[in-house]
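Everything below belongs to run.tsv, which stores TSV, N, CA and C atoms.
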```
chain	number	residue	atom	x	y	z
A	1	MET	N	91.16	90.80	104.65
A	1	MET	CA	92.51	91.13	104.28
A	1	MET	C	92.66	91.25	102.77
A	2	LYS	N	92.01	90.33	102.04
A	2	LYS	CA	92.09	90.40	100.59
A	2	LYS	C	91.51	91.70	100.09
A	3	ALA	N	90.43	92.15	100.71
A	3	ALA	CA	89.82	93.42	100.31
A	3	ALA	C	90.79	94.57	100.53
A	4	ALA	N	91.52	94.52	101.62
A	4	ALA	CA	92.46	95.59	101.92
A	4	ALA	C	93.60	95.61	100.90
A	5	MET	N	94.12	94.46	100.55
A	5	MET	CA	95.20	94.39	99.57
A	5	MET	C	94.71	94.85	98.20
A	6	LEU	N	93.50	94.44	97.82
A	6	LEU	CA	92.93	94.87	96.56
A	6	LEU	C	92.76	96.38	96.55
A	7	ALA	N	92.34	96.92	97.66
A	7	ALA	CA	92.16	98.37	97.75
A	7	ALA	C	93.48	99.10	97.55
A	8	VAL	N	94.56	98.55	98.09
A	8	VAL	CA	95.87	99.17	97.93
A	8	VAL	C	96.27	99.16	96.46
A	9	LEU	N	96.04	98.05	95.79
A	9	LEU	CA	96.36	97.98	94.37
A	9	LEU	C	95.53	98.97	93.57
A	10	ILE	N	94.27	99.08	93.89
A	10	ILE	CA	93.41	100.05	93.22
A	10	ILE	C	93.91	101.47	93.50
A	11	ALA	N	94.29	101.70	94.73
A	11	ALA	CA	94.79	103.03	95.09
A	11	ALA	C	96.06	103.36	94.32
A	12	MET	N	96.95	102.40	94.18
A	12	MET	CA	98.18	102.65	93.45
A	12	MET	C	97.89	102.95	91.99
A	13	SER	N	96.96	102.24	91.38
A	13	SER	CA	96.63	102.51	89.99
A	13	SER	C	95.96	103.87	89.87
A	14	GLY	N	95.15	104.25	90.85
A	14	GLY	CA	94.53	105.57	90.85
A	14	GLY	C	95.56	106.67	90.96
A	15	TYR	N	96.58	106.43	91.77
A	15	TYR	CA	97.64	107.43	91.92
A	15	TYR	C	98.39	107.60	90.61
A	16	ALA	N	98.61	106.50	89.91
A	16	ALA	CA	99.32	106.58	88.63
A	16	ALA	C	98.52	107.42	87.63
A	17	LEU	N	97.21	107.34	87.68
A	17	LEU	CA	96.39	108.13	86.77
A	17	LEU	C	96.40	109.60	87.14
A	18	ILE	N	96.40	109.88	88.42
A	18	ILE	CA	96.33	111.27	88.87
A	18	ILE	C	97.71	111.90	88.89
A	19	GLY	N	98.70	111.11	89.31
A	19	GLY	CA	100.06	111.63	89.39
A	19	GLY	C	100.18	112.71	90.44
A	20	ASN	N	101.16	113.55	90.29
A	20	ASN	CA	101.39	114.61	91.25
A	20	ASN	C	100.84	115.94	90.77
A	21	SER	N	99.91	115.93	89.84
A	21	SER	CA	99.38	117.18	89.32
A	21	SER	C	98.61	117.91	90.41
A	22	GLY	N	98.93	119.18	90.57
A	22	GLY	CA	98.43	120.06	91.62
A	22	GLY	C	97.04	119.84	92.14
A	23	HIS	N	96.03	120.38	91.47
A	23	HIS	CA	94.67	120.41	91.99
A	23	HIS	C	94.10	119.02	92.22
A	24	ALA	N	94.27	118.12	91.27
A	24	ALA	CA	93.71	116.77	91.40
A	24	ALA	C	94.30	116.07	92.61
A	25	PHE	N	95.60	116.21	92.81
A	25	PHE	CA	96.24	115.57	93.95
A	25	PHE	C	95.75	116.18	95.26
A	26	ALA	N	95.66	117.50	95.32
A	26	ALA	CA	95.19	118.17	96.54
A	26	ALA	C	93.77	117.75	96.87
A	27	GLU	N	92.93	117.63	95.84
A	27	GLU	CA	91.54	117.23	96.06
A	27	GLU	C	91.45	115.81	96.61
A	28	THR	N	92.23	114.89	96.04
A	28	THR	CA	92.19	113.51	96.56
A	28	THR	C	92.79	113.44	97.95
A	29	GLN	N	93.80	114.26	98.22
A	29	GLN	CA	94.40	114.31	99.55
A	29	GLN	C	93.36	114.77	100.57
A	30	ASP	N	92.56	115.78	100.21
A	30	ASP	CA	91.51	116.26	101.10
A	30	ASP	C	90.47	115.17	101.35
A	31	LYS	N	90.07	114.47	100.31
A	31	LYS	CA	89.09	113.39	100.46
A	31	LYS	C	89.65	112.29	101.36
A	32	TYR	N	90.92	111.97	101.16
A	32	TYR	CA	91.58	110.97	102.00
A	32	TYR	C	91.58	111.42	103.46
A	33	SER	N	92.01	112.65	103.70
A	33	SER	CA	92.07	113.18	105.07
A	33	SER	C	90.69	113.22	105.72
A	34	GLN	N	89.70	113.65	104.97
A	34	GLN	CA	88.33	113.69	105.49
A	34	GLN	C	87.83	112.30	105.81
A	35	CYS	N	88.11	111.35	104.93
A	35	CYS	CA	87.69	109.97	105.15
A	35	CYS	C	88.34	109.41	106.42
A	36	MET	N	89.64	109.62	106.57
A	36	MET	CA	90.34	109.12	107.75
A	36	MET	C	89.84	109.81	109.02
A	37	GLU	N	89.53	111.07	108.92
A	37	GLU	CA	89.02	111.82	110.08
A	37	GLU	C	87.66	111.27	110.53
A	38	ARG	N	86.82	110.88	109.57
A	38	ARG	CA	85.49	110.33	109.90
A	38	ARG	C	85.59	109.01	110.66
A	39	LEU	N	86.69	108.30	110.51
A	39	LEU	CA	86.84	107.02	111.22
A	39	LEU	C	86.78	107.22	112.73
A	40	LYS	N	87.25	108.37	113.20
A	40	LYS	CA	87.30	108.64	114.64
A	40	LYS	C	85.92	108.71	115.28
A	41	THR	N	84.90	109.04	114.49
A	41	THR	CA	83.56	109.19	115.06
A	41	THR	C	82.58	108.14	114.53
A	42	ASP	N	83.08	107.18	113.78
A	42	ASP	CA	82.23	106.12	113.21
A	42	ASP	C	81.82	105.16	114.33
A	43	ALA	N	80.53	104.99	114.51
A	43	ALA	CA	80.00	104.15	115.60
A	43	ALA	C	80.46	102.69	115.49
A	44	ARG	N	80.77	102.23	114.30
A	44	ARG	CA	81.23	100.84	114.14
A	44	ARG	C	82.51	100.56	114.93
A	45	PHE	N	83.25	101.60	115.23
A	45	PHE	CA	84.54	101.43	115.89
A	45	PHE	C	84.54	101.85	117.35
A	46	SER	N	83.36	102.03	117.92
A	46	SER	CA	83.27	102.51	119.30
A	46	SER	C	83.94	101.55	120.29
A	47	SER	N	83.92	100.25	120.01
A	47	SER	CA	84.51	99.29	120.94
A	47	SER	C	86.04	99.32	120.95
A	48	ILE	N	86.64	99.92	119.93
A	48	ILE	CA	88.11	100.00	119.89
A	48	ILE	C	88.63	101.44	119.94
A	49	ALA	N	87.72	102.40	119.95
A	49	ALA	CA	88.10	103.81	119.88
A	49	ALA	C	89.01	104.26	121.02
A	50	ASN	N	88.86	103.66	122.19
A	50	ASN	CA	89.71	104.04	123.33
A	50	ASN	C	90.99	103.21	123.42
A	51	HIS	N	91.16	102.31	122.46
A	51	HIS	CA	92.33	101.42	122.47
A	51	HIS	C	93.35	101.75	121.38
A	52	VAL	N	92.90	102.35	120.27
A	52	VAL	CA	93.77	102.64	119.14
A	52	VAL	C	93.45	104.01	118.56
A	53	SER	N	94.37	104.55	117.79
A	53	SER	CA	94.13	105.78	117.05
A	53	SER	C	93.48	105.39	115.73
A	54	LEU	N	92.23	105.76	115.54
A	54	LEU	CA	91.46	105.28	114.40
A	54	LEU	C	91.82	105.96	113.08
A	55	ASP	N	92.38	107.15	113.13
A	55	ASP	CA	92.71	107.84	111.89
A	55	ASP	C	94.10	107.41	111.41
A	56	ALA	N	94.65	108.12	110.48
A	56	ALA	CA	95.91	107.72	109.85
A	56	ALA	C	97.14	108.08	110.67
A	57	GLN	N	96.97	108.75	111.76
A	57	GLN	CA	98.11	109.24	112.53
A	57	GLN	C	98.73	108.14	113.39
A	58	GLY	N	99.97	108.33	113.73
A	58	GLY	CA	100.66	107.39	114.60
A	58	GLY	C	100.62	107.83	116.05
A	59	THR	N	99.84	108.87	116.36
A	59	THR	CA	99.80	109.43	117.70
A	59	THR	C	98.80	108.66	118.56
A	60	VAL	N	99.27	108.20	119.69
A	60	VAL	CA	98.40	107.49	120.64
A	60	VAL	C	98.68	108.01	122.05
A	61	SER	N	97.73	107.81	122.95
A	61	SER	CA	97.89	108.26	124.32
A	61	SER	C	98.77	107.28	125.11
A	62	ARG	N	99.21	107.72	126.26
A	62	ARG	CA	100.00	106.85	127.15
A	62	ARG	C	99.19	105.62	127.56
A	63	GLN	N	97.90	105.84	127.80
A	63	GLN	CA	97.03	104.73	128.19
A	63	GLN	C	96.96	103.69	127.06
A	64	MET	N	96.91	104.16	125.82
A	64	MET	CA	96.86	103.23	124.69
A	64	MET	C	98.15	102.43	124.57
A	65	LEU	N	99.27	103.08	124.85
A	65	LEU	CA	100.56	102.38	124.79
A	65	LEU	C	100.70	101.36	125.91
A	66	ALA	N	100.06	101.60	127.04
A	66	ALA	CA	100.15	100.70	128.20
A	66	ALA	C	99.04	99.65	128.22
A	67	ASP	N	98.13	99.68	127.26
A	67	ASP	CA	96.96	98.80	127.22
A	67	ASP	C	97.39	97.34	127.05
A	68	LYS	N	97.14	96.52	128.06
A	68	LYS	CA	97.54	95.12	128.04
A	68	LYS	C	96.41	94.17	127.63
A	69	THR	N	95.29	94.74	127.20
A	69	THR	CA	94.17	93.89	126.81
A	69	THR	C	94.31	93.44	125.36
A	70	ARG	N	93.67	92.32	125.08
A	70	ARG	CA	93.62	91.79	123.71
A	70	ARG	C	92.18	91.94	123.22
A	71	ALA	N	92.03	91.97	121.92
A	71	ALA	CA	90.71	92.17	121.32
A	71	ALA	C	89.77	91.02	121.66
A	72	ASP	N	88.56	91.38	122.10
A	72	ASP	CA	87.51	90.38	122.31
A	72	ASP	C	86.76	90.20	120.99
A	73	GLU	N	85.74	89.39	120.98
A	73	GLU	CA	85.02	89.08	119.74
A	73	GLU	C	84.37	90.33	119.11
A	74	GLN	N	83.76	91.16	119.93
A	74	GLN	CA	83.15	92.39	119.42
A	74	GLN	C	84.22	93.31	118.82
A	75	GLN	N	85.34	93.41	119.50
A	75	GLN	CA	86.42	94.26	119.01
A	75	GLN	C	87.04	93.70	117.73
A	76	LYS	N	87.09	92.39	117.62
A	76	LYS	CA	87.61	91.79	116.38
A	76	LYS	C	86.74	92.16	115.18
A	77	LEU	N	85.43	92.19	115.38
A	77	LEU	CA	84.53	92.62	114.31
A	77	LEU	C	84.80	94.08	113.94
A	78	ALA	N	85.00	94.90	114.95
A	78	ALA	CA	85.30	96.32	114.71
A	78	ALA	C	86.64	96.47	113.99
A	79	ILE	N	87.62	95.67	114.36
A	79	ILE	CA	88.94	95.72	113.71
A	79	ILE	C	88.81	95.35	112.23
A	80	ALA	N	88.05	94.31	111.94
A	80	ALA	CA	87.85	93.89	110.54
A	80	ALA	C	87.19	95.02	109.74
A	81	ASP	N	86.18	95.66	110.33
A	81	ASP	CA	85.53	96.79	109.65
A	81	ASP	C	86.49	97.97	109.50
A	82	TRP	N	87.32	98.18	110.49
A	82	TRP	CA	88.31	99.26	110.47
A	82	TRP	C	89.30	99.06	109.33
A	83	ILE	N	89.76	97.84	109.14
A	83	ILE	CA	90.68	97.54	108.04
A	83	ILE	C	90.04	97.91	106.71
A	84	ASP	N	88.82	97.49	106.51
A	84	ASP	CA	88.11	97.79	105.26
A	84	ASP	C	87.87	99.29	105.09
A	85	ALA	N	87.51	99.96	106.18
A	85	ALA	CA	87.23	101.40	106.10
A	85	ALA	C	88.50	102.18	105.75
A	86	ARG	N	89.62	101.81	106.35
A	86	ARG	CA	90.89	102.47	106.02
A	86	ARG	C	91.25	102.23	104.56
A	87	ALA	N	91.02	101.01	104.08
A	87	ALA	CA	91.31	100.70	102.68
A	87	ALA	C	90.46	101.56	101.75
A	88	GLN	N	89.21	101.79	102.12
A	88	GLN	CA	88.35	102.65	101.31
A	88	GLN	C	88.89	104.07	101.26
A	89	CYS	N	89.45	104.54	102.34
A	89	CYS	CA	90.05	105.88	102.35
A	89	CYS	C	91.24	105.93	101.40
A	90	VAL	N	92.06	104.90	101.41
A	90	VAL	CA	93.23	104.84	100.53
A	90	VAL	C	92.80	104.80	99.07
A	91	ASN	N	91.62	104.30	98.80
A	91	ASN	CA	91.12	104.23	97.42
A	91	ASN	C	90.91	105.60	96.79
A	92	PHE	N	91.03	106.67	97.55
A	92	PHE	CA	90.89	108.00	96.97
A	92	PHE	C	92.09	108.37	96.10
A	93	GLY	N	93.04	107.46	95.99
A	93	GLY	CA	94.15	107.68	95.07
A	93	GLY	C	95.22	108.60	95.59
A	94	VAL	N	95.54	108.48	96.84
A	94	VAL	CA	96.57	109.31	97.45
A	94	VAL	C	97.95	108.85	97.03
A	95	GLY	N	98.95	109.50	97.53
A	95	GLY	CA	100.32	109.23	97.13
A	95	GLY	C	100.97	108.03	97.79
A	96	PRO	N	102.21	107.80	97.42
A	96	PRO	CA	102.93	106.62	97.91
A	96	PRO	C	103.13	106.57	99.42
A	97	VAL	N	103.23	107.71	100.08
A	97	VAL	CA	103.41	107.71	101.54
A	97	VAL	C	102.19	107.08	102.20
A	98	GLN	N	101.00	107.50	101.80
A	98	GLN	CA	99.78	106.96	102.39
A	98	GLN	C	99.61	105.48	102.05
A	99	ILE	N	99.99	105.11	100.85
A	99	ILE	CA	99.91	103.69	100.46
A	99	ILE	C	100.88	102.86	101.29
A	100	ASN	N	102.10	103.36	101.46
A	100	ASN	CA	103.08	102.65	102.29
A	100	ASN	C	102.62	102.55	103.74
A	101	LEU	N	102.01	103.61	104.24
A	101	LEU	CA	101.47	103.57	105.60
A	101	LEU	C	100.37	102.52	105.71
A	102	HIS	N	99.51	102.46	104.71
A	102	HIS	CA	98.44	101.47	104.76
A	102	HIS	C	99.00	100.05	104.68
A	103	MET	N	99.99	99.85	103.85
A	103	MET	CA	100.62	98.52	103.76
A	103	MET	C	101.24	98.13	105.11
A	104	ALA	N	101.88	99.09	105.76
A	104	ALA	CA	102.47	98.84	107.08
A	104	ALA	C	101.39	98.50	108.09
A	105	PHE	N	100.29	99.26	108.04
A	105	PHE	CA	99.15	99.01	108.93
A	105	PHE	C	98.61	97.59	108.73
A	106	VAL	N	98.39	97.23	107.49
A	106	VAL	CA	97.84	95.91	107.18
A	106	VAL	C	98.79	94.81	107.65
A	107	SER	N	100.10	95.07	107.57
A	107	SER	CA	101.07	94.04	107.96
A	107	SER	C	101.06	93.74	109.46
A	108	ILE	N	100.61	94.70	110.28
A	108	ILE	CA	100.62	94.45	111.73
A	108	ILE	C	99.24	94.27	112.35
A	109	VAL	N	98.20	94.77	111.71
A	109	VAL	CA	96.87	94.71	112.33
A	109	VAL	C	96.36	93.28	112.47
A	110	ALA	N	96.83	92.38	111.62
A	110	ALA	CA	96.41	90.98	111.73
A	110	ALA	C	96.80	90.40	113.09
A	111	GLY	N	97.96	90.79	113.61
A	111	GLY	CA	98.40	90.33	114.92
A	111	GLY	C	97.46	90.78	116.02
A	112	LEU	N	96.94	91.98	115.90
A	112	LEU	CA	95.96	92.49	116.87
A	112	LEU	C	94.66	91.70	116.75
A	113	TYR	N	94.19	91.54	115.52
A	113	TYR	CA	92.95	90.82	115.26
A	113	TYR	C	93.03	89.37	115.75
A	114	ASN	N	94.14	88.72	115.51
A	114	ASN	CA	94.30	87.31	115.87
A	114	ASN	C	94.68	87.08	117.32
A	115	GLY	N	94.78	88.14	118.11
A	115	GLY	CA	95.11	88.00	119.53
A	115	GLY	C	96.57	87.72	119.80
A	116	GLN	N	97.42	87.92	118.81
A	116	GLN	CA	98.85	87.68	118.97
A	116	GLN	C	99.56	88.83	119.67
A	117	MET	N	98.87	89.97	119.77
A	117	MET	CA	99.44	91.11	120.49
A	117	MET	C	98.34	91.87	121.21
A	118	THR	N	98.75	92.58	122.23
A	118	THR	CA	97.81	93.42	122.97
A	118	THR	C	97.61	94.72	122.19
A	119	PHE	N	96.63	95.50	122.62
A	119	PHE	CA	96.43	96.81	122.00
A	119	PHE	C	97.67	97.68	122.18
A	120	GLY	N	98.28	97.62	123.36
A	120	GLY	CA	99.48	98.41	123.63
A	120	GLY	C	100.62	98.02	122.71
A	121	GLU	N	100.82	96.72	122.52
A	121	GLU	CA	101.88	96.25	121.62
A	121	GLU	C	101.62	96.72	120.19
A	122	PHE	N	100.36	96.62	119.78
A	122	PHE	CA	100.00	97.10	118.44
A	122	PHE	C	100.30	98.60	118.32
A	123	ASN	N	99.89	99.38	119.31
A	123	ASN	CA	100.10	100.82	119.26
A	123	ASN	C	101.57	101.18	119.17
A	124	LYS	N	102.41	100.48	119.93
A	124	LYS	CA	103.85	100.75	119.88
A	124	LYS	C	104.40	100.43	118.49
A	125	LYS	N	104.02	99.28	117.96
A	125	LYS	CA	104.47	98.90	116.62
A	125	LYS	C	103.99	99.89	115.58
A	126	TRP	N	102.71	100.26	115.65
A	126	TRP	CA	102.14	101.18	114.68
A	126	TRP	C	102.82	102.54	114.77
A	127	GLN	N	103.07	103.00	115.97
A	127	GLN	CA	103.72	104.29	116.15
A	127	GLN	C	105.12	104.26	115.52
A	128	ASP	N	105.87	103.18	115.75
A	128	ASP	CA	107.20	103.05	115.15
A	128	ASP	C	107.13	102.99	113.63
A	129	MET	N	106.20	102.21	113.11
A	129	MET	CA	106.06	102.08	111.66
A	129	MET	C	105.61	103.39	111.05
A	130	TYR	N	104.72	104.09	111.71
A	130	TYR	CA	104.23	105.38	111.21
A	130	TYR	C	105.40	106.36	111.08
A	131	LYS	N	106.22	106.44	112.11
A	131	LYS	CA	107.37	107.35	112.07
A	131	LYS	C	108.32	106.98	110.94
A	132	LYS	N	108.56	105.70	110.78
A	132	LYS	CA	109.47	105.22	109.74
A	132	LYS	C	108.92	105.50	108.34
A	133	GLU	N	107.65	105.21	108.11
A	133	GLU	CA	107.07	105.33	106.77
A	133	GLU	C	106.72	106.75	106.37
A	134	SER	N	106.50	107.63	107.34
A	134	SER	CA	106.06	108.99	106.99
A	134	SER	C	107.22	109.98	106.93
A	135	LYS	N	108.44	109.50	106.99
A	135	LYS	CA	109.60	110.40	106.89
A	135	LYS	C	109.76	110.93	105.49
```

Could you render the structure from this file as structure tokens?
Amino acid sequence: MKAAMLAVLIAMSGYALIGNSGHAFAETQDKYSQCMERLKTDARFSSIANHVSLDAQGTVSRQMLADKTRADEQQKLAIADWIDARAQCVNFGVGPVQINLHMAFVSIVAGLYNGQMTFGEFNKKWQDMYKKESK
């Protein structure tokens, strides 16, 4: 978790350096999008790939929303790696929307990791937060 928070701070400082200037911002946005897209096929997350949306989107399947299972030990390891991997994507210096989305993600993923919520509960919360933060 500390690594994820540090990554957000680094990302915010990177955004301040880049600002909203055209080409530099578009390039970092592409790197961010590509990084998040790679999460979907990363073998480290295979144990959770059918339970959550691994990329930055809030879109999940009906099965994911209805998932009443909680993370087992293998899935907890994958969740911890997923948190770090998402933080690395945010480090590309994207804008405030992506940073706010990552902060929202970090605020709820601990409940999934700690077994305080099911995958379905996490997906519902994440979907709601995604809609709220990406407006």

Counting only C-alpha atoms, what is within 8 Å of His51 in chain A, bar same-chain residues fewer than 6 positions away, as number ranges by chain?
-> A: 64, 67, 119-120

Contacts of Ser47 in chain A at 8 Å or less, counting all atoms listed in the file, minus same-chain residues fewer than 2 places along, as a count of residues only?
-> 13

Please indicate the distance in Å from atom C of Ala87 in chain A to CA of His102 in chain A, rounded to one decimal place.
->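 Value for the atom C of Ala87 in chain A-CA of His102 in chain A distance: 8.5 Å.
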
May I ask which of the residues A:Asp30, A:Arg62, A:Leu77, A:Val94 is the closest one to Tyr113 in chain A, counting only N, CA and C atoms?
-> A:Leu77

Edge lengths and centre in Å to one decimal, as AutoDock Vina command-line options, is what I'm after for the box along x, y and z that holds all listed atoms of range 36-45 of chain A once 6 Å is added on each side.
```
--center_x 85.2 --center_y 106.2 --center_z 112.0 --size_x 22.3 --size_y 23.3 --size_z 22.8
```
